[in-house]
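Raw contents of protein.txt, compact mmCIF, C-alpha atoms:
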# COMPACT_ATOMS: atom_id res chain seq x y z
CA MET J 1 11.29 5.46 -9.10
CA ASN J 2 10.06 1.91 -9.68
CA ILE J 3 6.56 0.72 -8.86
CA GLU J 4 7.73 -1.50 -5.98
CA LEU J 5 9.33 1.43 -4.15
CA LYS J 6 6.32 3.67 -4.80
CA THR J 7 3.99 0.99 -3.42
CA VAL J 8 6.14 0.55 -0.32
CA ILE J 9 6.04 4.33 0.29
CA VAL J 10 2.24 4.37 -0.06
CA GLN J 11 2.01 1.33 2.24
CA ILE J 12 4.09 3.13 4.88
CA GLY J 13 1.67 6.06 4.50
CA VAL J 14 -1.30 3.73 5.01
CA VAL J 15 0.28 2.28 8.17
CA ILE J 16 0.94 5.80 9.52
CA MET J 17 -2.68 6.74 8.75
CA ALA J 18 -3.91 3.59 10.52
CA LEU J 19 -1.81 4.45 13.58
CA CYS J 20 -3.18 8.02 13.47
CA THR J 21 -6.71 6.58 13.33
CA VAL J 22 -6.06 4.44 16.42
CA GLY J 23 -4.47 7.47 18.08
CA GLY J 24 -7.51 9.49 17.02
CA MET J 25 -9.75 7.12 18.95
CA LEU J 26 -7.71 7.64 22.11
CA VAL J 27 -7.60 11.42 21.59
CA LEU J 28 -11.36 11.46 20.99
CA HIS J 29 -11.84 9.56 24.23
CA ALA J 30 -9.68 12.04 26.15
CA ILE J 31 -11.30 15.06 24.48
CA SER J 32 -14.76 13.81 25.41
CA TYR J 33 -13.86 14.12 29.14
CA ASP J 34 -12.39 17.62 28.62
CA PHE J 35 -15.58 18.59 26.81
CA VAL J 36 -17.77 17.37 29.69
CA ARG J 37 -15.59 19.32 32.17
CA GLU J 38 -16.09 22.43 30.04
CA TYR J 39 -19.82 21.94 29.38
CA PRO J 40 -21.31 19.84 32.21
CA GLU J 41 -24.83 20.51 30.88
CA LEU J 42 -23.98 18.39 27.80
CA ALA J 43 -22.53 15.48 29.80
CA HIS J 44 -25.33 13.16 28.64
CA MET J 45 -24.06 13.54 25.04
CA ARG J 46 -20.55 12.27 25.77
CA VAL J 47 -21.10 8.52 25.32
CA PRO J 48 -23.35 8.64 22.20
CA VAL J 49 -21.17 11.21 20.39
CA LEU J 50 -18.01 9.32 21.35
CA SER J 51 -19.59 6.07 20.10
CA PHE J 52 -20.46 7.61 16.73
CA GLY J 53 -16.95 9.02 16.43
CA ILE J 54 -15.27 5.74 17.32
CA LEU J 55 -17.56 3.78 14.99
CA PHE J 56 -16.60 6.17 12.19
CA LEU J 57 -12.90 5.68 12.94
CA ILE J 58 -13.31 1.87 13.06
CA PHE J 59 -14.76 1.98 9.54
CA VAL J 60 -11.85 4.19 8.42
CA LEU J 61 -9.44 1.69 9.97
CA MET J 62 -11.14 -1.14 8.07
CA ILE J 63 -10.72 0.76 4.80
CA LEU J 64 -7.04 1.31 5.57
CA VAL J 65 -6.49 -2.40 6.33
CA ILE J 66 -8.09 -3.40 3.01
CA ALA J 67 -6.04 -0.70 1.23
CA PHE J 68 -2.87 -2.17 2.76
CA LEU J 69 -3.77 -5.67 1.51
CA PHE J 70 -4.59 -4.25 -1.91
CA LEU J 71 -1.19 -2.54 -2.07
CA GLN J 72 0.42 -5.82 -1.00
CA ARG J 73 -1.20 -7.43 -4.05
CA ILE J 74 0.21 -4.66 -6.28
CA ARG J 75 3.67 -5.40 -4.85
CA GLY J 76 3.19 -9.08 -5.60
CA GLY J 77 2.51 -8.18 -9.23
CA ASN J 78 -0.87 -9.90 -9.39
CA VAL J 79 -3.19 -6.96 -9.10
CA PHE J 80 -5.60 -7.77 -11.94
CA GLU J 81 -7.51 -10.47 -10.09
CA THR J 82 -11.09 -10.88 -8.95
CA LYS J 83 -9.83 -10.43 -5.36
CA SER J 84 -8.74 -6.87 -6.19
CA VAL J 85 -12.21 -6.08 -7.51
CA LYS J 86 -13.73 -7.50 -4.31
CA ASN J 87 -11.28 -5.42 -2.21
CA LEU J 88 -12.26 -2.23 -3.99
CA GLN J 89 -15.96 -3.02 -3.73
CA ALA J 90 -15.53 -3.74 -0.01
CA MET J 91 -13.77 -0.39 0.42
CA GLY J 92 -16.69 1.27 -1.40
CA TRP J 93 -19.30 -0.37 0.83
CA ILE J 94 -17.38 0.42 4.02
CA THR J 95 -16.99 4.03 2.87
CA LEU J 96 -20.75 4.16 2.41
CA ALA J 97 -21.15 2.61 5.88
CA THR J 98 -19.07 5.43 7.41
CA ILE J 99 -21.89 7.77 6.42
CA LEU J 100 -24.27 6.03 8.88
CA PRO J 101 -22.54 7.09 12.14
CA LEU J 102 -22.06 10.56 10.65
CA ILE J 103 -25.77 10.90 9.90
CA ALA J 104 -26.56 9.54 13.37
CA LEU J 105 -24.14 12.09 14.84
CA TYR J 106 -25.77 14.88 12.82
CA LEU J 107 -29.29 13.95 13.90
CA TYR J 108 -28.31 13.42 17.54
CA THR J 109 -26.44 16.75 17.75
CA GLU J 110 -29.23 18.57 15.92
CA ARG J 111 -31.75 17.21 18.41
CA ASN J 112 -29.71 18.18 21.47
CA VAL J 113 -27.83 21.32 20.37
CA ALA J 114 -29.84 22.75 17.48
CA GLY J 115 -27.87 24.85 15.04
CA SER J 116 -24.50 23.47 16.11
CA ILE J 117 -21.74 24.78 13.84
CA THR J 118 -19.87 21.45 14.06
CA ASN J 119 -22.69 19.84 12.09
CA LEU J 120 -21.42 21.75 9.07
CA TYR J 121 -18.22 19.68 9.24
CA VAL J 122 -20.28 16.52 9.56
CA ILE J 123 -22.19 17.39 6.37
CA VAL J 124 -18.89 18.04 4.55
CA ALA J 125 -17.56 14.68 5.81
CA VAL J 126 -20.73 12.91 4.59
CA LEU J 127 -20.31 14.44 1.13
CA MET J 128 -16.62 13.53 1.07
CA MET J 129 -17.34 9.94 2.02
CA ALA J 130 -20.09 9.68 -0.60
CA VAL J 131 -17.70 10.94 -3.29
CA MET J 132 -15.00 8.53 -2.08
CA ALA J 133 -17.43 5.61 -2.23
CA VAL J 134 -18.39 6.53 -5.80
CA PHE J 135 -14.69 6.58 -6.73
CA PHE J 136 -14.10 3.19 -5.13
CA PHE J 137 -17.02 1.68 -7.06
CA LEU J 138 -15.82 3.34 -10.25
CA ILE J 139 -12.30 1.95 -9.86
CA ALA J 140 -13.78 -1.46 -8.95
CA SER J 141 -15.78 -1.55 -12.19
CA LEU J 142 -12.68 -0.49 -14.15
CA PHE J 143 -10.72 -3.30 -12.51
CA GLU J 144 -13.51 -5.75 -13.30
CA GLN J 145 -13.20 -4.83 -16.97
CA ALA J 146 -9.39 -5.06 -16.79
CA VAL J 147 -9.58 -8.52 -15.20
CA ARG J 148 -11.84 -9.63 -18.07
CA TYR J 149 -9.40 -8.25 -20.67
CA LYS J 150 -6.45 -9.89 -18.93
CA GLU J 151 -8.23 -13.24 -18.80
CA GLU J 152 -9.00 -12.99 -22.50
CA ASN J 153 -5.40 -12.05 -23.26
CA ASP J 154 -4.06 -14.90 -21.12
CA LEU J 155 -6.31 -17.37 -22.91
CA THR J 156 -5.27 -16.22 -26.38
CA VAL J 157 -3.00 -18.87 -27.83
CA MET B 1 -18.88 -22.59 -27.21
CA THR B 2 -19.79 -23.28 -30.81
CA ILE B 3 -16.27 -23.39 -32.23
CA ILE B 4 -14.84 -26.87 -31.73
CA ILE B 5 -11.09 -27.48 -31.84
CA ASN B 6 -10.28 -30.79 -33.49
CA LEU B 7 -6.61 -30.66 -32.67
CA ASP B 8 -6.47 -34.17 -31.18
CA VAL B 9 -7.93 -35.68 -34.38
CA GLU B 10 -5.27 -34.05 -36.56
CA MET B 11 -2.56 -34.93 -34.05
CA ALA B 12 -3.68 -38.57 -34.11
CA LYS B 13 -3.64 -38.55 -37.93
CA GLN B 14 -0.05 -37.31 -37.91
CA LYS B 15 0.83 -39.51 -34.89
CA MET B 16 2.19 -36.46 -33.14
CA SER B 17 2.36 -35.96 -29.39
CA LEU B 18 1.53 -32.74 -27.56
CA THR B 19 5.19 -32.25 -26.66
CA GLU B 20 6.31 -32.63 -30.28
CA LEU B 21 3.63 -30.25 -31.51
CA SER B 22 4.46 -27.64 -28.87
CA GLU B 23 8.14 -27.81 -29.88
CA GLN B 24 7.33 -27.45 -33.58
CA VAL B 25 4.76 -24.71 -33.12
CA GLY B 26 6.79 -22.85 -30.52
CA ILE B 27 4.09 -22.41 -27.89
CA THR B 28 3.98 -23.76 -24.36
CA MET B 29 2.39 -27.08 -23.47
CA SER B 30 -0.11 -25.35 -21.20
CA ASN B 31 -1.24 -23.03 -24.03
CA LEU B 32 -1.55 -25.97 -26.38
CA SER B 33 -3.47 -27.87 -23.74
CA ASN B 34 -5.80 -24.86 -23.31
CA LEU B 35 -6.40 -24.92 -27.04
CA LYS B 36 -6.99 -28.67 -27.10
CA THR B 37 -9.44 -28.65 -24.22
CA GLY B 38 -11.37 -25.66 -25.55
CA LYS B 39 -10.37 -23.37 -22.68
CA ALA B 40 -8.68 -20.90 -25.03
CA LYS B 41 -10.74 -17.83 -25.90
CA ALA B 42 -8.88 -16.87 -29.09
CA ILE B 43 -6.20 -18.08 -31.45
CA ARG B 44 -3.68 -15.91 -33.30
CA PHE B 45 -3.32 -16.33 -37.07
CA SER B 46 0.40 -16.94 -36.54
CA THR B 47 -0.34 -19.82 -34.13
CA LEU B 48 -2.92 -21.28 -36.50
CA GLU B 49 -0.44 -21.03 -39.35
CA ALA B 50 2.26 -22.77 -37.31
CA ILE B 51 -0.14 -25.56 -36.25
CA CYS B 52 -1.33 -26.09 -39.85
CA ASN B 53 2.29 -26.17 -40.96
CA ALA B 54 3.24 -28.73 -38.31
CA LEU B 55 0.19 -30.95 -38.83
CA LYS B 56 0.11 -30.45 -42.63
CA CYS B 57 -3.58 -29.57 -42.63
CA GLN B 58 -5.97 -26.71 -43.31
CA PRO B 59 -7.46 -24.37 -40.63
CA GLY B 60 -10.85 -25.93 -41.38
CA ASP B 61 -9.52 -29.31 -40.31
CA ILE B 62 -8.74 -27.93 -36.85
CA LEU B 63 -11.64 -25.51 -36.37
CA GLU B 64 -15.24 -26.56 -36.66
CA PHE B 65 -18.39 -24.53 -36.18
CA ARG B 66 -21.30 -26.25 -34.47
CA GLU B 67 -24.61 -24.51 -33.99
CA ASP B 68 -25.88 -24.39 -30.41
CA ARG B 69 -29.07 -26.41 -29.98
CA MET B 70 -31.30 -25.21 -27.16
CA GLY B 71 -33.47 -27.68 -25.22
I need this file expressed as structure tokens, please.
Amino acid sequence: MNIELKTVIVQIGVVIMALCTVGGMLVLHAISYDFVREYPELAHMRVPVLSFGILFLIFVLMILVIAFLFLQRIRGGNVFETKSVKNLQAMGWITLATILPLIALYLYTERNVAGSITNLYVIVAVLMMAVMAVFFFLIASLFEQAVRYKEENDLTV
Amino acid sequence: MTIIINLDVEMAKQKMSLTELSEQVGITMSNLSNLKTGKAKAIRFSTLEAICNALKCQPGDILEFREDRMG
């Protein structure tokens, strides 16, 4: 399977994931009303928790958009460029930013429903995002080095 | 950069144009231009050999080391 076809398949995957993320926002919105119907005593938590969730998904969507553009560059055959390094760094920073609404969600839930089991998932998500961010920065620094090598190679007469 | 490329001097001595030199050496005009303007970061021995052959000179005639003077 050639690289072009592989990249197209991954790009299709990214688009599907982006659509799922948008769908996730709508589902989250609908679920929040069901939750309030089930637990009216926690109705005051609906808007803040929904906001944290949607903010998290917006960040995920941003990462997916940058990933799509990055894959587009791979398809174009000019991946070892400074723009690619910037893309990867941006993905790293946005991944780190996703941790903020998660921490806010953790603190808010802990304050209102102490000992909530769902906070365990939030902690796992925070750790996952931190690891992902480290990987993005690692790949960005590798690309930075590769861009330097390529430049040197291109300028060798 | 402290290594100076004196390609234009040798080309003038031999009355050779960039196009002629690129044809004789077998490298592209843009690469030769990079070398001439000092944009190139490295030069292969094979390229140097071909340039010396075409311009009938020594590597020392093309490459010159100049110490950087600060201030």
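Every residue of chain J that lies within 12 Å of chain B is listed here, counting all atoms listed in the file: Arg148, Tyr149, Lys150, Glu151, Glu152, Asn153, Asp154, Leu155, Thr156 and Val157 of chain J.
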When you look at Glu41 of chain J with a cut-off of 12 Å (counting all atoms listed in the file), what residues show up, excluding the ones that are within fewer than 6 positions of it in the same chain? I need them as a short mmCIF file (atom, residue, chain, number, x, y, z; two decimals) with C-alpha atoms, in the coordinates of the input.
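Saved to around-v5.cif:
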data_model
loop_
_atom_site.label_atom_id
_atom_site.label_comp_id
_atom_site.auth_asym_id
_atom_site.auth_seq_id
_atom_site.Cartn_x
_atom_site.Cartn_y
_atom_site.Cartn_z
CA PHE J 35 -15.58 18.59 26.81
CA ASN J 112 -29.71 18.18 21.47
CA VAL J 113 -27.83 21.32 20.37
#
Have a look at atom CA of Ser84 of chain J and atom CA of Leu57 of chain J and let me know their distance in Å, one decimal.
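These atoms are spaced 23.3 Å apart.
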One decimal, in Å: what's the spacing between atom CA of Ile16 of chain J and atom CA of Leu127 of chain J?
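So the answer is 24.4 Å.
The space separating atom CA of Leu55 of chain J from atom CA of Leu26 of chain J comes to 12.8 Å.
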Env of Ile31 of chain J: 10 Å cut, atoms = all atoms listed in the file, seq-sep filter 5 positions within chain, self excluded. Answer as a VMD selection string.
chain J and resid 25 to 26 36 to 37 46 50
Go ahead and save the residues from that selection, with C-alpha atoms, as a CSV table (one decimal), in the frame of the given file.
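Printed below is again_0.csv as written:
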chain,number,residue,atom,x,y,z
J,25,MET,CA,-9.8,7.1,19.0
J,26,LEU,CA,-7.7,7.6,22.1
J,36,VAL,CA,-17.8,17.4,29.7
J,37,ARG,CA,-15.6,19.3,32.2
J,46,ARG,CA,-20.6,12.3,25.8
J,50,LEU,CA,-18.0,9.3,21.4
I want to know what sits within 7 Å of segment 54-58 of chain B, based on all atoms listed in the file, with residues of the same chain fewer than 5 positions away left out; could you give that as a ChimeraX atom specification?
/B:10-11,14,21,24-25
Cut-off 12 Å around (-10.4, -0.9, 5.5) with all atoms listed in the file: residues as an MDAnalysis selection string
chainID J and resid 14:15 17:18 21 56:70 87:98 136
Please identify all polymer residues within 12 Å of Tyr108 of chain J, counting only C-alpha atoms, omitting same-chain residues fewer than 5 positions from it, and present them as a compact mmCIF listing (two decimals) with C-alpha atoms, keeping the file's coordinate frame.
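Output file selection17.txt follows:
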# COMPACT_ATOMS: atom_id res chain seq x y z
CA HIS J 44 -25.33 13.16 28.64
CA MET J 45 -24.06 13.54 25.04
CA ARG J 46 -20.55 12.27 25.77
CA VAL J 47 -21.10 8.52 25.32
CA PRO J 48 -23.35 8.64 22.20
CA VAL J 49 -21.17 11.21 20.39
CA LEU J 50 -18.01 9.32 21.35
CA SER J 51 -19.59 6.07 20.10
CA PHE J 52 -20.46 7.61 16.73
CA PRO J 101 -22.54 7.09 12.14
CA LEU J 102 -22.06 10.56 10.65
CA ILE J 103 -25.77 10.90 9.90
CA VAL J 113 -27.83 21.32 20.37
CA ALA J 114 -29.84 22.75 17.48
CA GLY J 115 -27.87 24.85 15.04
CA SER J 116 -24.50 23.47 16.11
CA ASN J 119 -22.69 19.84 12.09
CA VAL J 122 -20.28 16.52 9.56
Sel. within 8 Å of pt (-16.6, 11.0, 3.5), counting all atoms listed in the file, output as a PyMOL selection string:
chain J and resi 95+98-99+124-133
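Summary of the local environment: counting all atoms listed in the file, residues at most 8 Å from Ser141 of chain J, other than itself and those fewer than 4 positions away along its chain, are J:Val85, J:Phe137, J:Gln145.
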If the box runs along x, y and z of the file and leaves 3 Å on each side of segment 72-81 of chain J, what are its centre and edge lengths in Å, one decimal, as AutoDock Vina command-line options?
--center_x -1.9 --center_y -7.6 --center_z -6.5 --size_x 17.2 --size_y 11.8 --size_z 16.9
